[in-house]
file structure-v5.txt (compact mmCIF, C-alpha atoms)
# COMPACT_ATOMS: atom_id res chain seq x y z
CA MET A 820 -13.44 -35.53 11.35
CA PRO A 821 -16.25 -37.97 12.17
CA GLU A 822 -15.42 -40.56 14.79
CA GLU A 823 -14.60 -43.96 13.32
CA ALA A 824 -16.32 -47.03 14.71
CA LEU A 825 -14.08 -49.94 15.67
CA CYS A 826 -16.64 -52.39 14.36
CA MET A 827 -20.00 -52.33 12.60
CA LYS A 828 -22.45 -55.19 12.25
CA THR A 829 -25.96 -55.33 10.82
CA TRP A 830 -28.65 -57.96 11.06
CA SER A 831 -32.09 -58.29 9.51
CA ILE A 832 -34.96 -60.42 10.78
CA PRO A 833 -38.53 -60.97 9.56
CA SER A 834 -41.28 -59.44 11.66
CA ARG A 835 -42.29 -62.59 13.49
CA LEU A 836 -42.33 -63.09 17.25
CA GLY A 837 -39.38 -65.15 18.35
CA GLN A 838 -37.07 -63.82 15.65
CA GLU A 839 -35.62 -61.34 18.14
CA LYS A 840 -33.82 -64.30 19.69
CA THR A 841 -31.64 -64.52 16.58
CA ILE A 842 -30.44 -60.97 17.21
CA MET A 843 -29.95 -61.73 20.89
CA GLN A 844 -27.68 -64.68 20.09
CA GLU A 845 -25.65 -62.71 17.54
CA VAL A 846 -25.16 -59.73 19.83
CA ARG A 847 -24.35 -61.97 22.79
CA SER A 848 -21.70 -63.79 20.74
CA HIS A 849 -20.05 -60.54 19.73
CA LEU A 850 -20.08 -59.09 23.24
CA ALA A 851 -18.66 -62.31 24.67
CA VAL A 852 -15.73 -62.09 22.25
CA GLU A 853 -15.16 -58.54 23.45
CA ALA A 854 -15.16 -59.83 27.04
CA GLU A 855 -17.75 -57.35 28.21
CA GLN A 856 -19.10 -57.61 31.74
CA HIS A 857 -22.03 -59.98 32.26
CA THR A 858 -24.34 -57.26 33.62
CA MET A 859 -23.69 -55.04 30.62
CA ILE A 860 -24.29 -57.90 28.22
CA GLU A 861 -27.63 -58.72 29.82
CA ASN A 862 -28.69 -55.06 29.81
CA ILE A 863 -27.85 -54.77 26.12
CA ILE A 864 -29.53 -58.06 25.19
CA THR A 865 -32.76 -57.14 26.95
CA SER A 866 -32.84 -53.60 25.59
CA VAL A 867 -32.16 -54.63 22.00
CA SER A 868 -34.62 -57.53 22.10
CA GLU A 869 -37.37 -55.33 23.53
CA ALA A 870 -36.71 -52.76 20.83
CA CYS A 871 -36.96 -55.52 18.22
CA LEU A 872 -40.24 -56.71 19.72
CA ASN A 873 -41.66 -53.20 19.51
CA ALA A 874 -40.51 -52.98 15.91
CA ILE A 875 -42.08 -56.34 15.06
CA GLU A 876 -45.39 -55.66 16.80
CA HIS A 877 -45.97 -51.93 16.54
CA GLY A 878 -43.67 -50.78 13.75
CA ASN A 879 -44.16 -53.52 11.18
CA SER A 880 -47.46 -54.94 12.54
CA TYR A 881 -46.20 -58.54 12.27
CA ASN A 882 -45.88 -58.17 8.48
CA GLU A 883 -43.19 -60.74 7.74
CA GLU A 884 -42.41 -59.06 4.44
CA LEU A 885 -41.18 -56.03 6.36
CA PRO A 886 -37.83 -56.72 8.04
CA VAL A 887 -36.53 -55.33 11.29
CA LYS A 888 -32.95 -54.20 10.84
CA VAL A 889 -30.49 -53.94 13.69
CA GLN A 890 -27.23 -52.05 13.35
CA MET A 891 -24.47 -52.19 15.94
CA LEU A 892 -21.58 -49.75 16.05
CA ALA A 893 -18.79 -50.41 18.53
CA TYR A 894 -16.71 -47.39 19.52
CA ALA A 895 -13.87 -47.26 22.00
CA ASP A 896 -16.13 -45.88 24.73
CA ARG A 897 -19.61 -47.08 23.81
CA TYR A 898 -21.90 -49.32 21.82
CA GLN A 899 -24.58 -47.79 19.63
CA PHE A 900 -27.52 -49.87 18.44
CA ARG A 901 -30.17 -48.75 15.99
CA ILE A 902 -33.31 -50.78 15.47
CA TYR A 903 -35.20 -49.88 12.29
CA ASP A 904 -38.80 -50.58 11.29
CA TYR A 905 -41.28 -49.27 8.74
CA GLY A 906 -43.74 -47.76 11.18
CA LYS A 907 -44.52 -44.16 11.98
CA GLY A 908 -42.65 -44.29 15.27
CA PHE A 909 -43.79 -42.85 18.60
CA ASP A 910 -43.58 -39.49 20.30
CA SER A 911 -43.77 -40.35 24.02
CA LEU A 912 -40.33 -41.89 24.32
CA PHE A 913 -39.08 -39.73 27.16
CA LYS A 914 -41.38 -40.58 30.06
CA SER A 915 -40.27 -40.83 33.63
CA SER A 916 -37.76 -43.58 34.22
CA GLU A 917 -39.18 -44.36 37.62
CA PRO A 918 -40.37 -47.96 37.89
CA ARG A 919 -44.11 -48.27 38.14
CA SER A 920 -46.23 -50.68 40.15
CA PRO A 921 -48.35 -53.17 38.18
CA ASN A 922 -51.30 -51.54 39.93
CA TYR A 923 -50.66 -48.59 37.71
CA THR A 924 -52.95 -48.74 34.73
CA GLU A 925 -50.22 -48.15 32.18
CA ASP A 926 -50.36 -50.53 29.22
CA PRO A 927 -47.91 -53.37 29.94
CA ARG A 928 -46.68 -53.03 26.35
CA GLY A 929 -44.90 -49.91 27.56
CA TRP A 930 -42.72 -52.00 29.82
CA GLY A 931 -40.38 -52.73 26.93
CA LEU A 932 -39.61 -49.01 26.76
CA LEU A 933 -39.33 -48.91 30.53
CA PHE A 934 -36.61 -51.58 30.38
CA ILE A 935 -34.86 -49.82 27.53
CA ARG A 936 -34.82 -46.46 29.35
CA ASN A 937 -33.58 -47.97 32.60
CA LEU A 938 -31.00 -50.40 31.20
CA SER A 939 -29.33 -48.19 28.60
CA ASP A 940 -27.19 -45.07 28.95
CA GLY A 941 -29.06 -43.12 26.31
CA VAL A 942 -32.12 -43.48 24.11
CA SER A 943 -33.21 -41.45 21.11
CA CYS A 944 -35.26 -41.98 17.98
CA GLY A 945 -35.53 -40.66 14.48
CA HIS A 946 -36.23 -41.39 10.84
CA ALA A 947 -33.82 -42.42 8.08
CA ASP A 948 -34.28 -43.86 4.57
CA GLY A 949 -38.01 -44.16 5.02
CA CYS A 950 -37.70 -46.04 8.29
CA PHE A 951 -38.21 -45.21 11.95
CA TYR A 952 -35.39 -46.11 14.29
CA ILE A 953 -34.73 -46.20 17.99
CA GLU A 954 -31.09 -45.69 19.03
CA LEU A 955 -29.64 -47.15 22.21
CA LEU A 956 -26.29 -46.23 23.75
CA PHE A 957 -24.28 -48.26 26.26
CA GLN A 958 -21.07 -46.96 27.81
CA ARG A 959 -18.10 -49.30 27.73
CA ALA A 960 -15.22 -49.57 30.14
CA VAL A 961 -12.51 -47.09 29.09
CA GLY A 962 -9.40 -48.10 27.23
CA ARG A 963 -10.99 -50.36 24.61
CA GLU A 964 -8.97 -50.82 21.43
CA ARG A 965 -9.78 -52.34 18.11
CA THR A 966 -9.73 -56.14 18.43
CA HIS A 967 -11.14 -57.20 15.12
CA GLY A 968 -12.99 -55.91 12.11
CA MET B 507 -38.17 -69.57 17.39
CA ASP B 508 -39.70 -69.41 20.87
CA GLU B 509 -39.37 -72.55 22.91
CA GLN B 510 -42.98 -73.03 23.93
CA LEU B 511 -43.62 -72.59 27.64
CA LEU B 512 -44.58 -75.78 29.42
CA ILE B 513 -45.74 -76.35 32.94
CA ARG B 514 -43.54 -79.39 33.24
CA ASN B 515 -44.94 -80.42 36.57
CA LYS B 516 -47.78 -79.33 38.85
CA ARG B 517 -47.23 -80.72 42.32
CA LEU B 518 -48.69 -80.36 45.76
CA ILE B 519 -46.58 -78.86 48.50
CA PRO B 520 -47.49 -78.37 52.17
CA GLY B 521 -50.32 -75.86 52.10
CA GLY B 522 -50.19 -75.15 48.41
CA ILE B 523 -49.12 -75.99 44.90
CA ALA B 524 -45.92 -75.60 42.87
CA TRP B 525 -45.45 -75.26 39.13
CA ASP B 526 -42.18 -76.18 37.44
CA LEU B 527 -41.92 -74.04 34.31
CA LYS B 528 -39.84 -74.82 31.24
CA GLY B 529 -39.24 -72.85 28.05
CA ASP B 530 -39.74 -69.22 27.08
CA LEU B 531 -42.13 -66.93 28.95
CA THR B 532 -43.41 -64.77 26.09
CA LYS B 533 -46.67 -63.73 24.47
CA PRO B 534 -47.54 -67.22 23.11
CA SER B 535 -47.39 -68.52 26.71
CA GLU B 536 -50.85 -67.16 27.44
CA SER B 537 -52.86 -70.30 26.80
CA MET B 538 -50.50 -72.43 28.87
CA LEU B 539 -50.24 -70.04 31.77
CA LEU B 540 -53.68 -68.49 32.10
CA THR B 541 -56.06 -71.42 31.91
CA ASP B 542 -57.14 -73.96 34.48
CA TYR B 543 -56.12 -72.15 37.64
CA PRO B 544 -55.72 -74.59 40.54
CA TRP B 545 -57.47 -72.16 42.88
CA SER B 546 -60.58 -72.20 40.68
CA HIS B 547 -61.44 -75.72 41.78
CA PRO B 548 -59.30 -76.50 44.80
CA GLN B 549 -59.29 -80.07 46.02
CA HIS B 550 -57.03 -79.18 48.92
CA GLU B 551 -56.47 -76.16 51.08
CA LEU B 552 -54.31 -73.75 49.09
CA LYS B 553 -52.48 -70.90 50.75
CA PHE B 554 -49.23 -70.84 48.79
CA PHE B 555 -48.29 -70.84 45.10
CA VAL B 556 -44.69 -71.52 44.11
CA LEU B 557 -43.22 -70.92 40.66
CA ASN B 558 -39.98 -72.62 39.66
CA PHE B 559 -38.16 -70.65 36.94
CA SER B 560 -35.01 -72.79 36.90
CA GLU B 561 -35.69 -74.03 33.35
CA VAL B 562 -37.05 -70.78 31.94
CA GLN B 563 -34.38 -69.38 29.63
CA TYR B 564 -36.05 -66.29 28.19
CA ILE B 565 -38.57 -63.85 29.63
CA ASN B 566 -39.67 -60.72 27.80
CA SER B 567 -42.04 -57.87 28.65
CA SER B 568 -45.05 -59.68 27.17
CA GLY B 569 -44.29 -62.70 29.31
CA ILE B 570 -44.02 -60.53 32.40
CA ALA B 571 -47.43 -59.04 31.59
CA LEU B 572 -48.91 -62.55 31.51
CA LEU B 573 -47.18 -63.41 34.74
CA ILE B 574 -48.73 -60.43 36.47
CA ARG B 575 -52.20 -61.51 35.34
CA LEU B 576 -51.52 -64.94 36.81
CA LEU B 577 -50.27 -63.53 40.08
CA ARG B 578 -53.16 -61.10 40.40
CA SER B 579 -55.60 -63.97 40.06
CA ALA B 580 -53.69 -66.07 42.58
CA MET B 581 -53.80 -63.21 45.06
CA ASN B 582 -57.24 -61.72 44.41
CA ASP B 583 -59.25 -64.79 43.42
CA GLY B 584 -57.37 -67.50 45.26
CA GLY B 585 -56.08 -65.62 48.28
CA LEU B 586 -52.69 -67.23 47.72
CA GLU B 587 -49.25 -65.99 48.70
CA THR B 588 -46.89 -66.51 45.75
CA PHE B 589 -43.20 -67.31 45.73
CA ALA B 590 -40.63 -67.81 42.99
CA TYR B 591 -37.16 -69.31 42.75
CA GLY B 592 -34.64 -70.18 40.05
CA LEU B 593 -34.61 -66.67 38.60
CA ALA B 594 -31.40 -65.21 37.18
CA ALA B 595 -30.28 -61.97 38.82
CA HIS B 596 -31.04 -60.04 35.65
CA TYR B 597 -34.66 -61.17 35.59
CA GLN B 598 -35.01 -60.42 39.29
CA LYS B 599 -33.94 -56.88 38.41
CA LEU B 600 -36.55 -56.63 35.66
CA PHE B 601 -39.27 -57.98 37.96
CA ARG B 602 -38.43 -55.36 40.58
CA MET B 603 -38.41 -52.68 37.89
CA VAL B 604 -42.08 -53.25 37.07
CA GLY B 605 -43.09 -53.80 40.67
CA LEU B 606 -43.89 -57.47 40.20
CA THR B 607 -42.37 -58.17 43.60
CA GLU B 608 -45.50 -56.66 45.13
CA TYR B 609 -47.24 -59.87 44.06
CA MET B 610 -44.47 -62.41 44.46
CA SER B 611 -41.54 -62.99 46.81
CA ILE B 612 -38.31 -64.20 45.23
CA TYR B 613 -36.15 -66.75 47.00
CA PRO B 614 -32.88 -68.42 46.00
CA ASP B 615 -34.26 -71.96 46.10
CA GLU B 616 -37.32 -74.02 47.01
CA TYR B 617 -35.88 -75.10 50.33
CA SER B 618 -35.80 -71.53 51.63
CA ILE B 619 -39.41 -71.05 50.51
CA HIS B 620 -40.47 -74.12 52.46
CA GLN B 621 -38.57 -72.80 55.45
CA HIS B 622 -40.51 -69.56 55.23
CA ILE B 623 -43.83 -71.37 54.83
CA ALA B 624 -43.12 -73.67 57.79
CA ALA B 625 -42.20 -70.70 59.96
CA SER B 626 -45.41 -68.92 59.09
CA ARG B 627 -47.75 -71.82 59.87
call {"tool": "encode", "arguments": {"input": "structure-v5.txt", "output": "structure tokens"}}
result
Amino acid sequence: MPEEALCMKTWSIPSRLGQEKTIMQEVRSHLAVEAEQHTMIENIITSVSEACLNAIEHGNSYNEELPVKVQMLAYADRYQFRIYDYGKGFDSLFKSSEPRSPNYTEDPRGWGLLFIRNLSDGVSCGHADGCFYIELLFQRAVGRERTHG
Amino acid sequence: MDEQLLIRNKRLIPGGIAWDLKGDLTKPSESMLLTDYPWSHPQHELKFFVLNFSEVQYINSSGIALLIRLLRSAMNDGGLETFAYGLAAHYQKLFRMVGLTEYMSIYPDEYSIHQHIAASR
């Protein structure tokens, strides 16, 4: 029997820089209600916002007619976020998680993925319904029960 | 949606200059941050560059990339030692993650930076 999420929320934003802040505020509000630890909240906020920025810039190429969709599933032991865009996606998701010096010639745009890899407990990607998505996992403190729908 | 980055105040400090930043440090911050460097036309001896992040609410990876360009110029073109204060612990963690602390020392407040500068002179 598939595991049932305690809560599911979805948001949609136009592909315009700055719109990721809407998602950040919504997610922050939900996590605050759940009384999650401050460090975890900040890790989630940064990871999800950076994923949204990648979707806006690289997935949807700033086309405001193409939305970025964010889905959050809250389970007893983890949060799962999926960020969807209409791009082709990327293959080189699983690079080394070691921090790199700015002297390294890596494109700074890759730093969003660096943050995501280092701040989350799991990252994967895939395609669904004609969209590319990146999925982020964050482990919760054990013993969480359903608090609201 | 971004609150445009402003350099609210540019002020002289002993041996250098300080910028008080306000707003969001993101991609649109480029024109505000990367023009008119004080070390390009110094009217005073400049050895130190201090950035006040106390009123910066949001920093993303694009903003960090701009910051590194600024700091590289301060170091390589201006020969300045750069300091920062007013950064939330989370952003300090992100800065260390990308190695930005190779270009900038982070202190809890401006007083401690001045203490360090005075001790080094």
call {"tool": "atom_distance", "arguments": {"input": "structure-v5.txt", "atom1": "atom CA of A:Glu855", "atom2": "atom CA of A:Arg936"}}
result
20.3 Å
call {"tool": "closest_residue", "arguments": {"input": "structure-v5.txt", "among": "B:Pro520, B:Gly585, B:Gly529, B:Gly569", "to": "B:His622", "atoms": "all atoms listed in the file"}}
result
B:Pro520
call {"tool": "atom_distance", "arguments": {"input": "structure-v5.txt", "atom1": "atom CA of B:Glu587", "atom2": "atom CA of B:Lys599"}}
result
20.6 Å
call {"tool": "residues_around", "arguments": {"input": "structure-v5.txt", "residues": "A:Leu850", "least_positions_apart": "6", "cutoff": "10 Å", "atoms": "only C-alpha atoms", "output": "JSON, numbers by chain"}}
result
{"A": [844, 856, 857, 859, 860, 863, 864, 893]}
call {"tool": "write_last_selection", "arguments": {"input": "structure-v5.txt", "atoms": "C-alpha atoms", "output": "tab-separated table (two decimals), in the coordinates of the input"}}
result
chain	number	residue	atom	x	y	z
A	844	GLN	CA	-27.68	-64.68	20.09
A	856	GLN	CA	-19.10	-57.61	31.74
A	857	HIS	CA	-22.03	-59.98	32.26
A	859	MET	CA	-23.69	-55.04	30.62
A	860	ILE	CA	-24.29	-57.90	28.22
A	863	ILE	CA	-27.85	-54.77	26.12
A	864	ILE	CA	-29.53	-58.06	25.19
A	893	ALA	CA	-18.79	-50.41	18.53
call {"tool": "atom_distance", "arguments": {"input": "structure-v5.txt", "atom1": "atom CA of B:Lys516", "atom2": "atom CA of B:Asn558"}}
result
10.3 Å
call {"tool": "closest_atom_pairs", "arguments": {"input": "structure-v5.txt", "of": "stretch 529-618 of chain B", "to": "stretch 507-514 of chain B", "cutoff": "7 Å", "atoms": "only C-alpha atoms", "output": "tab-separated table"}}
result
residue	atom	partner	partner_atom	distance
B:Gly529	CA	B:Leu511	CA	4.4
B:Asp530	CA	B:Leu511	CA	5.2
B:Leu531	CA	B:Leu511	CA	6.0
B:Ser535	CA	B:Leu511	CA	5.6
B:Met538	CA	B:Leu512	CA	6.8
call {"tool": "interface_residues", "arguments": {"input": "structure-v5.txt", "of": "chain B", "to": "chain A", "cutoff": "12 Å", "atoms": "all atoms listed in the file", "output": "number ranges by chain"}}
result
B: 507-510, 530-534, 563-575, 577-578, 594-597, 599-610
call {"tool": "residues_near_point", "arguments": {"input": "structure-v5.txt", "point": "(-40.7, -67.6, 46.9)", "cutoff": "7 Å", "atoms": "all atoms listed in the file", "output": "mmCIF file with C-alpha atoms, in the coordinates of the input"}}
result
data_model
loop_
_atom_site.group_PDB
_atom_site.id
_atom_site.type_symbol
_atom_site.label_atom_id
_atom_site.label_comp_id
_atom_site.auth_asym_id
_atom_site.auth_seq_id
_atom_site.Cartn_x
_atom_site.Cartn_y
_atom_site.Cartn_z
ATOM 1 C CA VAL B 556 -44.690 -71.520 44.110
ATOM 2 C CA THR B 588 -46.890 -66.510 45.750
ATOM 3 C CA PHE B 589 -43.200 -67.310 45.730
ATOM 4 C CA ALA B 590 -40.630 -67.810 42.990
ATOM 5 C CA TYR B 591 -37.160 -69.310 42.750
ATOM 6 C CA MET B 610 -44.470 -62.410 44.460
ATOM 7 C CA SER B 611 -41.540 -62.990 46.810
ATOM 8 C CA ILE B 612 -38.310 -64.200 45.230
ATOM 9 C CA TYR B 613 -36.150 -66.750 47.000
ATOM 10 C CA ILE B 619 -39.410 -71.050 50.510
#
call {"tool": "decode", "arguments": {"input": "structure-v5.txt", "residues": "stretch 582-602 of chain B", "atoms": "N, CA, C and O atoms", "output": "compact mmCIF listing (two decimals), in the first residue's frame"}}
result
# COMPACT_ATOMS: atom_id res chain seq x y z
N ASN B 582 42.14 42.31 -6.07
CA ASN B 582 43.13 42.28 -7.15
C ASN B 582 43.43 43.66 -7.72
O ASN B 582 44.57 43.96 -8.05
N ASP B 583 42.39 44.48 -7.86
CA ASP B 583 42.59 45.81 -8.44
C ASP B 583 42.88 46.87 -7.39
O ASP B 583 43.64 47.80 -7.64
N GLY B 584 42.24 46.71 -6.22
CA GLY B 584 42.39 47.73 -5.20
C GLY B 584 43.36 47.37 -4.09
O GLY B 584 43.74 48.24 -3.30
N GLY B 585 43.74 46.10 -4.02
CA GLY B 585 44.63 45.68 -2.96
C GLY B 585 44.00 45.78 -1.58
O GLY B 585 44.71 45.92 -0.57
N LEU B 586 42.68 45.72 -1.52
CA LEU B 586 41.97 45.91 -0.25
C LEU B 586 41.74 44.57 0.46
O LEU B 586 41.58 43.53 -0.18
N GLU B 587 41.70 44.66 1.78
CA GLU B 587 41.26 43.54 2.62
C GLU B 587 39.79 43.78 2.95
O GLU B 587 39.43 44.88 3.41
N THR B 588 38.94 42.80 2.70
CA THR B 588 37.50 42.99 2.83
C THR B 588 36.95 42.26 4.05
O THR B 588 37.37 41.15 4.37
N PHE B 589 36.00 42.92 4.69
CA PHE B 589 35.33 42.37 5.86
C PHE B 589 33.81 42.50 5.68
O PHE B 589 33.33 43.34 4.92
N ALA B 590 33.08 41.67 6.39
CA ALA B 590 31.62 41.74 6.36
C ALA B 590 31.08 41.51 7.76
O ALA B 590 31.69 40.81 8.57
N TYR B 591 29.92 42.12 8.02
CA TYR B 591 29.21 41.84 9.28
C TYR B 591 27.72 41.95 9.02
O TYR B 591 27.28 42.40 7.96
N GLY B 592 26.92 41.52 9.99
CA GLY B 592 25.47 41.57 9.86
C GLY B 592 24.89 40.43 9.05
O GLY B 592 23.74 40.50 8.61
N LEU B 593 25.66 39.36 8.87
CA LEU B 593 25.19 38.22 8.09
C LEU B 593 24.55 37.18 8.99
O LEU B 593 25.14 36.78 10.00
N ALA B 594 23.37 36.70 8.60
CA ALA B 594 22.73 35.61 9.33
C ALA B 594 23.59 34.35 9.23
O ALA B 594 24.33 34.17 8.26
N ALA B 595 23.47 33.49 10.23
CA ALA B 595 24.29 32.28 10.28
C ALA B 595 24.11 31.43 9.02
O ALA B 595 25.06 30.81 8.53
N HIS B 596 22.88 31.40 8.52
CA HIS B 596 22.63 30.59 7.33
C HIS B 596 23.42 31.11 6.13
O HIS B 596 24.01 30.32 5.38
N TYR B 597 23.46 32.41 5.94
CA TYR B 597 24.20 32.97 4.82
C TYR B 597 25.71 32.81 5.03
O TYR B 597 26.46 32.63 4.07
N GLN B 598 26.16 32.88 6.26
CA GLN B 598 27.58 32.60 6.51
C GLN B 598 27.91 31.19 6.05
O GLN B 598 28.97 30.95 5.48
N LYS B 599 27.01 30.28 6.29
CA LYS B 599 27.21 28.88 5.87
C LYS B 599 27.29 28.79 4.35
O LYS B 599 28.15 28.09 3.80
N LEU B 600 26.40 29.49 3.65
CA LEU B 600 26.43 29.45 2.19
C LEU B 600 27.72 30.07 1.66
O LEU B 600 28.31 29.58 0.69
N PHE B 601 28.15 31.18 2.27
CA PHE B 601 29.38 31.83 1.82
C PHE B 601 30.57 30.88 1.97
O PHE B 601 31.44 30.81 1.11
N ARG B 602 30.62 30.18 3.09
CA ARG B 602 31.73 29.24 3.29
C ARG B 602 31.65 28.09 2.30
O ARG B 602 32.66 27.58 1.85
